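Below is start09.tsv, holding TSV, N, CA and C atoms.
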```tsv
chain	number	residue	atom	x	y	z
A	1	MET	N	34.99	-45.60	4.27
A	1	MET	CA	35.90	-44.50	4.48
A	1	MET	C	36.69	-44.77	5.75
A	2	ASN	N	37.98	-44.63	5.67
A	2	ASN	CA	38.84	-44.86	6.82
A	2	ASN	C	38.93	-43.61	7.68
A	3	ALA	N	38.92	-43.81	8.99
A	3	ALA	CA	39.05	-42.69	9.91
A	3	ALA	C	40.51	-42.28	9.96
A	4	PRO	N	40.81	-41.01	10.08
A	4	PRO	CA	42.21	-40.58	10.16
A	4	PRO	C	42.84	-41.08	11.46
A	5	THR	N	44.11	-41.31	11.42
A	5	THR	CA	44.80	-41.79	12.61
A	5	THR	C	44.92	-40.65	13.61
A	6	ASP	N	44.80	-41.02	14.87
A	6	ASP	CA	44.85	-40.03	15.95
A	6	ASP	C	46.31	-39.78	16.30
A	7	PRO	N	46.83	-38.52	16.16
A	7	PRO	CA	48.23	-38.27	16.45
A	7	PRO	C	48.54	-38.33	17.94
A	8	THR	N	47.56	-38.17	18.80
A	8	THR	CA	47.79	-38.23	20.25
A	8	THR	C	46.93	-39.34	20.82
A	9	PRO	N	47.49	-40.54	20.96
A	9	PRO	CA	46.69	-41.64	21.49
A	9	PRO	C	46.26	-41.36	22.93
A	10	GLY	N	45.06	-41.69	23.23
A	10	GLY	CA	44.52	-41.50	24.58
A	10	GLY	C	43.75	-40.20	24.73
A	11	LEU	N	44.00	-39.21	23.88
A	11	LEU	CA	43.26	-37.95	23.92
A	11	LEU	C	42.36	-37.91	22.71
A	12	HIS	N	41.12	-38.20	22.91
A	12	HIS	CA	40.18	-38.23	21.80
A	12	HIS	C	39.31	-36.99	21.84
A	13	GLN	N	39.26	-36.31	20.74
A	13	GLN	CA	38.37	-35.16	20.62
A	13	GLN	C	37.14	-35.62	19.88
A	14	HIS	N	36.00	-35.49	20.51
A	14	HIS	CA	34.77	-35.96	19.92
A	14	HIS	C	34.16	-34.85	19.06
A	15	THR	N	33.98	-35.17	17.81
A	15	THR	CA	33.40	-34.18	16.90
A	15	THR	C	32.00	-34.54	16.49
A	16	ASP	N	31.61	-35.77	16.67
A	16	ASP	CA	30.28	-36.20	16.25
A	16	ASP	C	29.33	-36.04	17.43
A	17	TYR	N	28.44	-35.08	17.33
A	17	TYR	CA	27.53	-34.77	18.43
A	17	TYR	C	26.54	-35.91	18.67
A	18	GLN	N	25.98	-36.48	17.61
A	18	GLN	CA	24.95	-37.50	17.75
A	18	GLN	C	25.50	-38.79	18.36
A	19	GLN	N	26.75	-39.10	18.11
A	19	GLN	CA	27.32	-40.36	18.57
A	19	GLN	C	27.47	-40.40	20.09
A	20	HIS	N	27.71	-39.29	20.72
A	20	HIS	CA	28.05	-39.29	22.14
A	20	HIS	C	26.94	-38.72	23.02
A	21	THR	N	25.77	-38.66	22.53
A	21	THR	CA	24.66	-38.18	23.36
A	21	THR	C	23.80	-39.36	23.77
A	22	GLY	N	23.32	-39.29	24.96
A	22	GLY	CA	22.48	-40.37	25.46
A	22	GLY	C	21.02	-40.04	25.30
A	23	PRO	N	20.17	-40.76	25.99
A	23	PRO	CA	18.74	-40.52	25.87
A	23	PRO	C	18.32	-39.14	26.42
A	24	GLN	N	19.14	-38.55	27.28
A	24	GLN	CA	18.82	-37.23	27.81
A	24	GLN	C	19.70	-36.20	27.13
A	25	SER	N	19.71	-36.20	25.84
A	25	SER	CA	20.60	-35.32	25.09
A	25	SER	C	20.10	-33.88	25.14
A	26	TYR	N	21.05	-32.99	25.05
A	26	TYR	CA	20.76	-31.56	25.02
A	26	TYR	C	20.46	-31.18	23.58
A	27	VAL	N	19.34	-30.57	23.38
A	27	VAL	CA	18.97	-30.12	22.05
A	27	VAL	C	19.31	-28.63	21.97
A	28	PRO	N	20.28	-28.27	21.12
A	28	PRO	CA	20.64	-26.86	21.06
A	28	PRO	C	19.51	-26.03	20.46
A	29	GLY	N	19.38	-24.84	20.97
A	29	GLY	CA	18.35	-23.93	20.48
A	29	GLY	C	18.41	-22.65	21.27
A	30	PRO	N	17.52	-21.74	20.97
A	30	PRO	CA	17.54	-20.47	21.70
A	30	PRO	C	17.16	-20.67	23.16
A	31	ALA	N	17.81	-19.92	24.01
A	31	ALA	CA	17.50	-19.98	25.43
A	31	ALA	C	16.14	-19.36	25.67
A	32	PRO	N	15.40	-19.83	26.65
A	32	PRO	CA	14.11	-19.22	26.93
A	32	PRO	C	14.31	-17.77	27.37
A	33	ARG	N	13.47	-16.89	26.88
A	33	ARG	CA	13.59	-15.47	27.20
A	33	ARG	C	13.05	-15.18	28.59
A	34	ALA	N	13.75	-14.31	29.27
A	34	ALA	CA	13.27	-13.88	30.57
A	34	ALA	C	12.07	-12.95	30.35
A	35	GLU	N	11.22	-12.90	31.32
A	35	GLU	CA	10.05	-12.02	31.23
A	35	GLU	C	10.54	-10.58	31.13
A	36	GLU	N	10.07	-9.87	30.13
A	36	GLU	CA	10.56	-8.53	29.85
A	36	GLU	C	9.47	-7.50	30.16
A	37	ASP	N	9.89	-6.34	30.58
A	37	ASP	CA	8.97	-5.26	30.87
A	37	ASP	C	8.21	-4.88	29.60
A	38	PRO	N	6.87	-4.95	29.61
A	38	PRO	CA	6.12	-4.64	28.40
A	38	PRO	C	6.16	-3.17	28.00
A	39	GLY	N	6.56	-2.29	28.88
A	39	GLY	CA	6.62	-0.87	28.56
A	39	GLY	C	8.01	-0.42	28.15
A	40	LYS	N	8.96	-1.35	28.05
A	40	LYS	CA	10.35	-0.99	27.77
A	40	LYS	C	10.50	-0.31	26.41
A	41	VAL	N	9.94	-0.90	25.38
A	41	VAL	CA	10.09	-0.34	24.03
A	41	VAL	C	9.39	1.01	23.92
A	42	LEU	N	8.22	1.12	24.50
A	42	LEU	CA	7.51	2.41	24.47
A	42	LEU	C	8.27	3.48	25.25
A	43	GLY	N	8.96	3.08	26.30
A	43	GLY	CA	9.78	4.03	27.05
A	43	GLY	C	10.92	4.57	26.21
A	44	ILE	N	11.56	3.70	25.46
A	44	ILE	CA	12.65	4.13	24.57
A	44	ILE	C	12.10	5.05	23.48
A	45	ILE	N	10.96	4.67	22.90
A	45	ILE	CA	10.34	5.50	21.87
A	45	ILE	C	9.98	6.87	22.43
A	46	SER	N	9.50	6.89	23.66
A	46	SER	CA	9.12	8.15	24.30
A	46	SER	C	10.31	9.08	24.44
A	47	LEU	N	11.42	8.55	24.93
A	47	LEU	CA	12.59	9.38	25.14
A	47	LEU	C	13.17	9.86	23.81
A	48	VAL	N	13.21	8.99	22.81
A	48	VAL	CA	13.74	9.38	21.50
A	48	VAL	C	12.82	10.42	20.85
A	49	ALA	N	11.52	10.22	20.95
A	49	ALA	CA	10.58	11.19	20.37
A	49	ALA	C	10.71	12.55	21.04
A	50	THR	N	10.86	12.55	22.34
A	50	THR	CA	11.01	13.82	23.06
A	50	THR	C	12.31	14.52	22.67
A	51	LEU	N	13.39	13.75	22.58
A	51	LEU	CA	14.68	14.36	22.23
A	51	LEU	C	14.76	14.76	20.76
A	52	SER	N	13.78	14.33	19.96
A	52	SER	CA	13.75	14.77	18.56
A	52	SER	C	13.44	16.26	18.45
A	53	THR	N	13.13	16.89	19.58
A	53	THR	CA	12.95	18.33	19.62
A	53	THR	C	14.19	19.03	19.09
A	54	PHE	N	15.36	18.47	19.39
A	54	PHE	CA	16.62	19.08	18.97
A	54	PHE	C	16.86	18.91	17.48
A	55	LEU	N	16.08	18.08	16.81
A	55	LEU	CA	16.19	17.90	15.37
A	55	LEU	C	15.18	18.76	14.61
A	56	GLY	N	14.37	19.51	15.34
A	56	GLY	CA	13.43	20.42	14.69
A	56	GLY	C	11.97	20.04	14.84
A	57	PHE	N	11.68	18.95	15.53
A	57	PHE	CA	10.28	18.55	15.75
A	57	PHE	C	9.80	19.20	17.05
A	58	ASN	N	9.61	20.52	17.01
A	58	ASN	CA	9.39	21.28	18.24
A	58	ASN	C	8.07	20.98	18.92
A	59	PHE	N	7.03	20.68	18.18
A	59	PHE	CA	5.73	20.38	18.81
A	59	PHE	C	5.38	18.91	18.70
A	60	LEU	N	5.66	18.31	17.56
A	60	LEU	CA	5.28	16.92	17.33
A	60	LEU	C	6.07	15.95	18.21
A	61	GLY	N	7.37	16.18	18.35
A	61	GLY	CA	8.22	15.29	19.15
A	61	GLY	C	7.80	15.22	20.61
A	62	PRO	N	7.67	16.37	21.29
A	62	PRO	CA	7.26	16.31	22.70
A	62	PRO	C	5.86	15.74	22.91
A	63	ILE	N	4.94	16.02	21.98
A	63	ILE	CA	3.59	15.46	22.13
A	63	ILE	C	3.64	13.94	22.03
A	64	ALA	N	4.39	13.43	21.05
A	64	ALA	CA	4.55	11.97	20.92
A	64	ALA	C	5.26	11.39	22.14
A	65	GLY	N	6.24	12.12	22.68
A	65	GLY	CA	6.96	11.66	23.87
A	65	GLY	C	6.06	11.61	25.10
A	66	ILE	N	5.19	12.59	25.24
A	66	ILE	CA	4.26	12.60	26.39
A	66	ILE	C	3.30	11.42	26.30
A	67	VAL	N	2.72	11.22	25.12
A	67	VAL	CA	1.73	10.14	24.95
A	67	VAL	C	2.37	8.77	25.15
A	68	THR	N	3.50	8.53	24.49
A	68	THR	CA	4.13	7.20	24.61
A	68	THR	C	4.75	6.99	25.98
A	69	GLY	N	5.22	8.06	26.63
A	69	GLY	CA	5.74	7.94	28.00
A	69	GLY	C	4.64	7.54	28.98
A	70	TYR	N	3.49	8.14	28.81
A	70	TYR	CA	2.34	7.79	29.66
A	70	TYR	C	1.93	6.33	29.45
A	71	MET	N	1.90	5.91	28.17
A	71	MET	CA	1.53	4.53	27.86
A	71	MET	C	2.57	3.55	28.40
A	72	ALA	N	3.85	3.89	28.29
A	72	ALA	CA	4.92	3.01	28.78
A	72	ALA	C	4.84	2.83	30.29
A	73	ARG	N	4.63	3.92	30.99
A	73	ARG	CA	4.55	3.83	32.46
A	73	ARG	C	3.33	3.02	32.89
A	74	ASN	N	2.19	3.20	32.21
A	74	ASN	CA	1.00	2.42	32.55
A	74	ASN	C	1.20	0.94	32.26
A	75	ASN	N	1.81	0.60	31.12
A	75	ASN	CA	2.06	-0.81	30.80
A	75	ASN	C	2.99	-1.46	31.81
A	76	SER	N	4.01	-0.73	32.24
A	76	SER	CA	4.95	-1.28	33.22
A	76	SER	C	4.27	-1.49	34.57
A	77	ARG	N	3.50	-0.52	35.00
A	77	ARG	CA	2.81	-0.65	36.29
A	77	ARG	C	1.79	-1.78	36.27
A	78	ARG	N	1.06	-1.89	35.15
A	78	ARG	CA	0.03	-2.92	35.03
A	78	ARG	C	0.64	-4.32	35.09
A	79	ALA	N	1.87	-4.47	34.58
A	79	ALA	CA	2.54	-5.77	34.59
A	79	ALA	C	3.26	-6.03	35.90
A	80	GLY	N	3.27	-5.06	36.81
A	80	GLY	CA	3.87	-5.26	38.12
A	80	GLY	C	5.34	-4.90	38.18
A	81	TYR	N	5.85	-4.18	37.22
A	81	TYR	CA	7.25	-3.76	37.24
A	81	TYR	C	7.36	-2.40	37.92
A	82	ALA	N	8.61	-2.06	38.25
A	82	ALA	CA	8.88	-0.75	38.83
A	82	ALA	C	8.62	0.31	37.77
A	83	ASP	N	8.62	1.55	38.19
A	83	ASP	CA	8.34	2.65	37.26
A	83	ASP	C	9.33	2.63	36.10
A	84	ASN	N	8.83	2.85	34.92
A	84	ASN	CA	9.62	2.85	33.70
A	84	ASN	C	10.39	4.17	33.62
A	85	GLU	N	11.71	4.10	33.83
A	85	GLU	CA	12.52	5.31	33.90
A	85	GLU	C	12.56	6.07	32.58
A	86	MET	N	12.74	5.37	31.47
A	86	MET	CA	12.81	6.06	30.18
A	86	MET	C	11.46	6.68	29.84
A	87	GLY	N	10.39	5.96	30.15
A	87	GLY	CA	9.06	6.52	29.91
A	87	GLY	C	8.81	7.74	30.77
A	88	LYS	N	9.28	7.68	32.02
A	88	LYS	CA	9.11	8.81	32.94
A	88	LYS	C	9.86	10.04	32.43
A	89	TRP	N	11.12	9.85	31.99
A	89	TRP	CA	11.91	10.98	31.51
A	89	TRP	C	11.39	11.49	30.18
A	90	GLY	N	10.90	10.60	29.33
A	90	GLY	CA	10.29	11.05	28.09
A	90	GLY	C	9.05	11.88	28.35
A	91	PHE	N	8.26	11.48	29.34
A	91	PHE	CA	7.05	12.20	29.73
A	91	PHE	C	7.40	13.58	30.30
A	92	ILE	N	8.33	13.61	31.26
A	92	ILE	CA	8.70	14.87	31.92
A	92	ILE	C	9.35	15.84	30.94
A	93	LEU	N	10.34	15.34	30.19
A	93	LEU	CA	11.02	16.22	29.23
A	93	LEU	C	10.07	16.68	28.13
A	94	GLY	N	9.12	15.83	27.76
A	94	GLY	CA	8.13	16.22	26.77
A	94	GLY	C	7.30	17.41	27.24
A	95	ILE	N	6.90	17.36	28.50
A	95	ILE	CA	6.13	18.48	29.06
A	95	ILE	C	6.99	19.74	29.11
A	96	VAL	N	8.25	19.60	29.53
A	96	VAL	CA	9.14	20.76	29.62
A	96	VAL	C	9.39	21.36	28.24
A	97	PHE	N	9.73	20.51	27.25
A	97	PHE	CA	10.02	21.03	25.91
A	97	PHE	C	8.78	21.62	25.24
A	98	LEU	N	7.63	21.00	25.46
A	98	LEU	CA	6.40	21.55	24.89
A	98	LEU	C	6.06	22.90	25.52
A	99	SER	N	6.29	23.02	26.82
A	99	SER	CA	6.05	24.29	27.50
A	99	SER	C	7.00	25.37	26.99
A	100	LEU	N	8.27	25.01	26.80
A	100	LEU	CA	9.23	25.98	26.29
A	100	LEU	C	8.89	26.39	24.85
A	101	ALA	N	8.45	25.44	24.05
A	101	ALA	CA	8.07	25.76	22.67
A	101	ALA	C	6.85	26.67	22.65
A	102	ALA	N	5.88	26.40	23.52
A	102	ALA	CA	4.69	27.26	23.58
A	102	ALA	C	5.06	28.65	24.07
A	103	LEU	N	5.93	28.72	25.08
A	103	LEU	CA	6.37	30.02	25.59
A	103	LEU	C	7.14	30.79	24.51
A	104	GLY	N	8.01	30.10	23.78
A	104	GLY	CA	8.74	30.75	22.69
A	104	GLY	C	7.81	31.23	21.60
A	105	GLY	N	6.79	30.43	21.29
A	105	GLY	CA	5.81	30.86	20.29
A	105	GLY	C	5.05	32.09	20.73
A	106	LEU	N	4.65	32.11	22.00
A	106	LEU	CA	3.94	33.29	22.52
A	106	LEU	C	4.83	34.52	22.54
A	107	LEU	N	6.09	34.35	22.92
A	107	LEU	CA	7.01	35.49	22.91
A	107	LEU	C	7.23	35.99	21.49
A	108	GLY	N	7.35	35.05	20.54
A	108	GLY	CA	7.50	35.45	19.14
A	108	GLY	C	6.31	36.22	18.64
A	109	LEU	N	5.11	35.74	18.97
A	109	LEU	CA	3.90	36.47	18.58
A	109	LEU	C	3.83	37.85	19.24
A	110	GLY	N	4.30	37.93	20.47
A	110	GLY	CA	4.31	39.22	21.17
A	110	GLY	C	5.24	40.20	20.49
A	111	PHE	N	6.42	39.73	20.09
A	111	PHE	CA	7.37	40.62	19.41
A	111	PHE	C	6.83	41.06	18.05
A	112	VAL	N	6.22	40.12	17.33
A	112	VAL	CA	5.64	40.46	16.02
A	112	VAL	C	4.50	41.47	16.20
A	113	GLY	N	3.68	41.27	17.21
A	113	GLY	CA	2.58	42.19	17.47
A	113	GLY	C	3.09	43.56	17.86
A	114	ALA	N	4.13	43.60	18.70
A	114	ALA	CA	4.68	44.88	19.11
A	114	ALA	C	5.32	45.60	17.93
A	115	ALA	N	6.01	44.87	17.08
A	115	ALA	CA	6.65	45.48	15.90
A	115	ALA	C	5.58	46.00	14.94
A	116	GLY	N	4.50	45.25	14.77
A	116	GLY	CA	3.41	45.70	13.91
A	116	GLY	C	2.74	46.93	14.45
A	117	LEU	N	2.57	46.98	15.78
A	117	LEU	CA	1.94	48.15	16.40
A	117	LEU	C	2.81	49.38	16.26
A	118	PHE	N	4.12	49.20	16.48
A	118	PHE	CA	5.03	50.34	16.33
A	118	PHE	C	5.09	50.80	14.88
A	119	GLY	N	4.95	49.87	13.96
A	119	GLY	CA	4.95	50.24	12.54
A	119	GLY	C	3.71	51.03	12.17
A	120	LEU	N	2.57	50.68	12.76
A	120	LEU	CA	1.33	51.40	12.48
A	120	LEU	C	1.34	52.79	13.10
A	121	LEU	N	1.93	52.89	14.26
A	121	LEU	CA	1.96	54.18	14.94
A	121	LEU	C	3.06	55.10	14.40
A	122	GLY	N	3.97	54.55	13.64
A	122	GLY	CA	5.02	55.38	13.05
A	122	GLY	C	6.09	55.78	14.03
A	123	ALA	N	6.31	54.95	15.02
A	123	ALA	CA	7.29	55.32	16.04
A	123	ALA	C	8.70	55.04	15.63
```

Rewrite the coordinates I just gave you, this time as structure tokens.
Amino acid sequence: MNAPTDPTPGLHQHTDYQQHTGPQSYVPGPAPRAEEDPGKVLGIISLVATLSTFLGFNFLGPIAGIVTGYMARNNSRRAGYADNEMGKWGFILGIVFLSLAALGGLLGLGFVGAAGLFGLLGA
């Protein structure tokens, strides 16, 4: 097979990788990964689970956020990283949302109880 003629003599574009590599050739491949915080994924899960309160998971979401936030922060500290911010906010917001849900539930029960009492008394 004949090689095509070069339209610009003196300027050679090398397309054959194997032909122009020496004994210390670069082998293409994925770059080595930097050490990653082991609590990073759990921190994200914690924050998403806690914010699922706005989707209707009033008790389950914050409880999952508190548990996974605690686990994320412990994993990060154990590996020597700084405090896991997403895990911390998932933990804190989980406690706040769970407290608000419990308070709302108690207020709802109080109103139902008061309405039932007024109904029995005929007021």

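When only C-alpha atoms are used to measure the gap to A:Phe59, the shortest distance among A:Ser99, A:Leu109, A:Val41, A:Ser76 belongs to A:Ser99.
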
Please return as a PDB file with N, CA and C atoms, keeping the file's coordinate frame every residue within 7 Å of (10.2, 14.9, 19.9), taking into account only N, CA and C atoms and the file's own coordinates.
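Listing of part25.pdb after writing:
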```
ATOM      1  N   VAL A  48      13.210   8.990  22.810  1.00  0.00           N
ATOM      2  CA  VAL A  48      13.740   9.380  21.500  1.00  0.00           C
ATOM      3  C   VAL A  48      12.820  10.420  20.850  1.00  0.00           C
ATOM      4  N   ALA A  49      11.520  10.220  20.950  1.00  0.00           N
ATOM      5  CA  ALA A  49      10.580  11.190  20.370  1.00  0.00           C
ATOM      6  C   ALA A  49      10.710  12.550  21.040  1.00  0.00           C
ATOM      7  N   THR A  50      10.860  12.550  22.340  1.00  0.00           N
ATOM      8  CA  THR A  50      11.010  13.820  23.060  1.00  0.00           C
ATOM      9  C   THR A  50      12.310  14.520  22.670  1.00  0.00           C
ATOM     10  N   LEU A  51      13.390  13.750  22.580  1.00  0.00           N
ATOM     11  CA  LEU A  51      14.680  14.360  22.230  1.00  0.00           C
ATOM     12  C   LEU A  51      14.760  14.760  20.760  1.00  0.00           C
ATOM     13  N   SER A  52      13.780  14.330  19.960  1.00  0.00           N
ATOM     14  CA  SER A  52      13.750  14.770  18.560  1.00  0.00           C
ATOM     15  C   SER A  52      13.440  16.260  18.450  1.00  0.00           C
ATOM     16  N   THR A  53      13.130  16.890  19.580  1.00  0.00           N
ATOM     17  CA  THR A  53      12.950  18.330  19.620  1.00  0.00           C
ATOM     18  C   THR A  53      14.190  19.030  19.090  1.00  0.00           C
ATOM     19  N   PHE A  54      15.360  18.470  19.390  1.00  0.00           N
ATOM     20  CA  PHE A  54      16.620  19.080  18.970  1.00  0.00           C
ATOM     21  C   PHE A  54      16.860  18.910  17.480  1.00  0.00           C
ATOM     22  N   PHE A  57      11.680  18.950  15.530  1.00  0.00           N
ATOM     23  CA  PHE A  57      10.280  18.550  15.750  1.00  0.00           C
ATOM     24  C   PHE A  57       9.800  19.200  17.050  1.00  0.00           C
ATOM     25  N   ASN A  58       9.610  20.520  17.010  1.00  0.00           N
ATOM     26  CA  ASN A  58       9.390  21.280  18.240  1.00  0.00           C
ATOM     27  C   ASN A  58       8.070  20.980  18.920  1.00  0.00           C
ATOM     28  N   PHE A  59       7.030  20.680  18.180  1.00  0.00           N
ATOM     29  CA  PHE A  59       5.730  20.380  18.810  1.00  0.00           C
ATOM     30  C   PHE A  59       5.380  18.910  18.700  1.00  0.00           C
ATOM     31  N   LEU A  60       5.660  18.310  17.560  1.00  0.00           N
ATOM     32  CA  LEU A  60       5.280  16.920  17.330  1.00  0.00           C
ATOM     33  C   LEU A  60       6.070  15.950  18.210  1.00  0.00           C
ATOM     34  N   GLY A  61       7.370  16.180  18.350  1.00  0.00           N
ATOM     35  CA  GLY A  61       8.220  15.290  19.150  1.00  0.00           C
ATOM     36  C   GLY A  61       7.800  15.220  20.610  1.00  0.00           C
ATOM     37  N   PRO A  62       7.670  16.370  21.290  1.00  0.00           N
ATOM     38  CA  PRO A  62       7.260  16.310  22.700  1.00  0.00           C
ATOM     39  C   PRO A  62       5.860  15.740  22.910  1.00  0.00           C
ATOM     40  N   ILE A  63       4.940  16.020  21.980  1.00  0.00           N
ATOM     41  CA  ILE A  63       3.590  15.460  22.130  1.00  0.00           C
ATOM     42  C   ILE A  63       3.640  13.940  22.030  1.00  0.00           C
ATOM     43  N   ALA A  64       4.390  13.430  21.050  1.00  0.00           N
ATOM     44  CA  ALA A  64       4.550  11.970  20.920  1.00  0.00           C
ATOM     45  C   ALA A  64       5.260  11.390  22.140  1.00  0.00           C
ATOM     46  N   GLY A  65       6.240  12.120  22.680  1.00  0.00           N
ATOM     47  CA  GLY A  65       6.960  11.660  23.870  1.00  0.00           C
ATOM     48  C   GLY A  65       6.060  11.610  25.100  1.00  0.00           C
TER      49      GLY A  65
END
```

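Counting from atom N of A:Arg77, the distance to atom CA of A:Ser46 is 14.9 Å.
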
Top pick for closest residue to A:Ile66, considering A:Ile44, A:Leu93, A:Leu120, A:Ala82 and counting all atoms listed in the file: A:Leu93

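Considering the residues A:Leu42, A:Leu55, A:Ala114, A:Leu103 and counting all atoms listed in the file, A:Tyr70 has its shortest atom-to-atom contact with A:Leu42.
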
Pairwise distance for atom N of A:Ala72 and atom C of A:Leu47, rounded to one decimal in Å: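 A separation of 11.9 Å between them.
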
Residue with smallest distance to A:Gly90 - pool A:Gly116, A:Gly104, A:Gly56, A:Gly43, counting only N, CA and C atoms: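 With only N, CA and C atoms as the atom set, the closest residue is A:Gly43.
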
Coordinates-based distance that separates atom CA of A:Lys40 from atom CA of A:Leu98 (Å, one decimal): 23.1 Å

Option closest in space to A:Phe91, from A:Gly110, A:Gly122, A:Gly39, A:Gly69 [counting only C-alpha atoms]: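 Among the listed residues, the smallest separation from A:Phe91 belongs to A:Gly69.
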
Within-12 Å shell of (9.4, -5.4, 37.2) in input frame, only C-alpha atoms, as a ChimeraX atom specification: /A:34-40,73,75-85
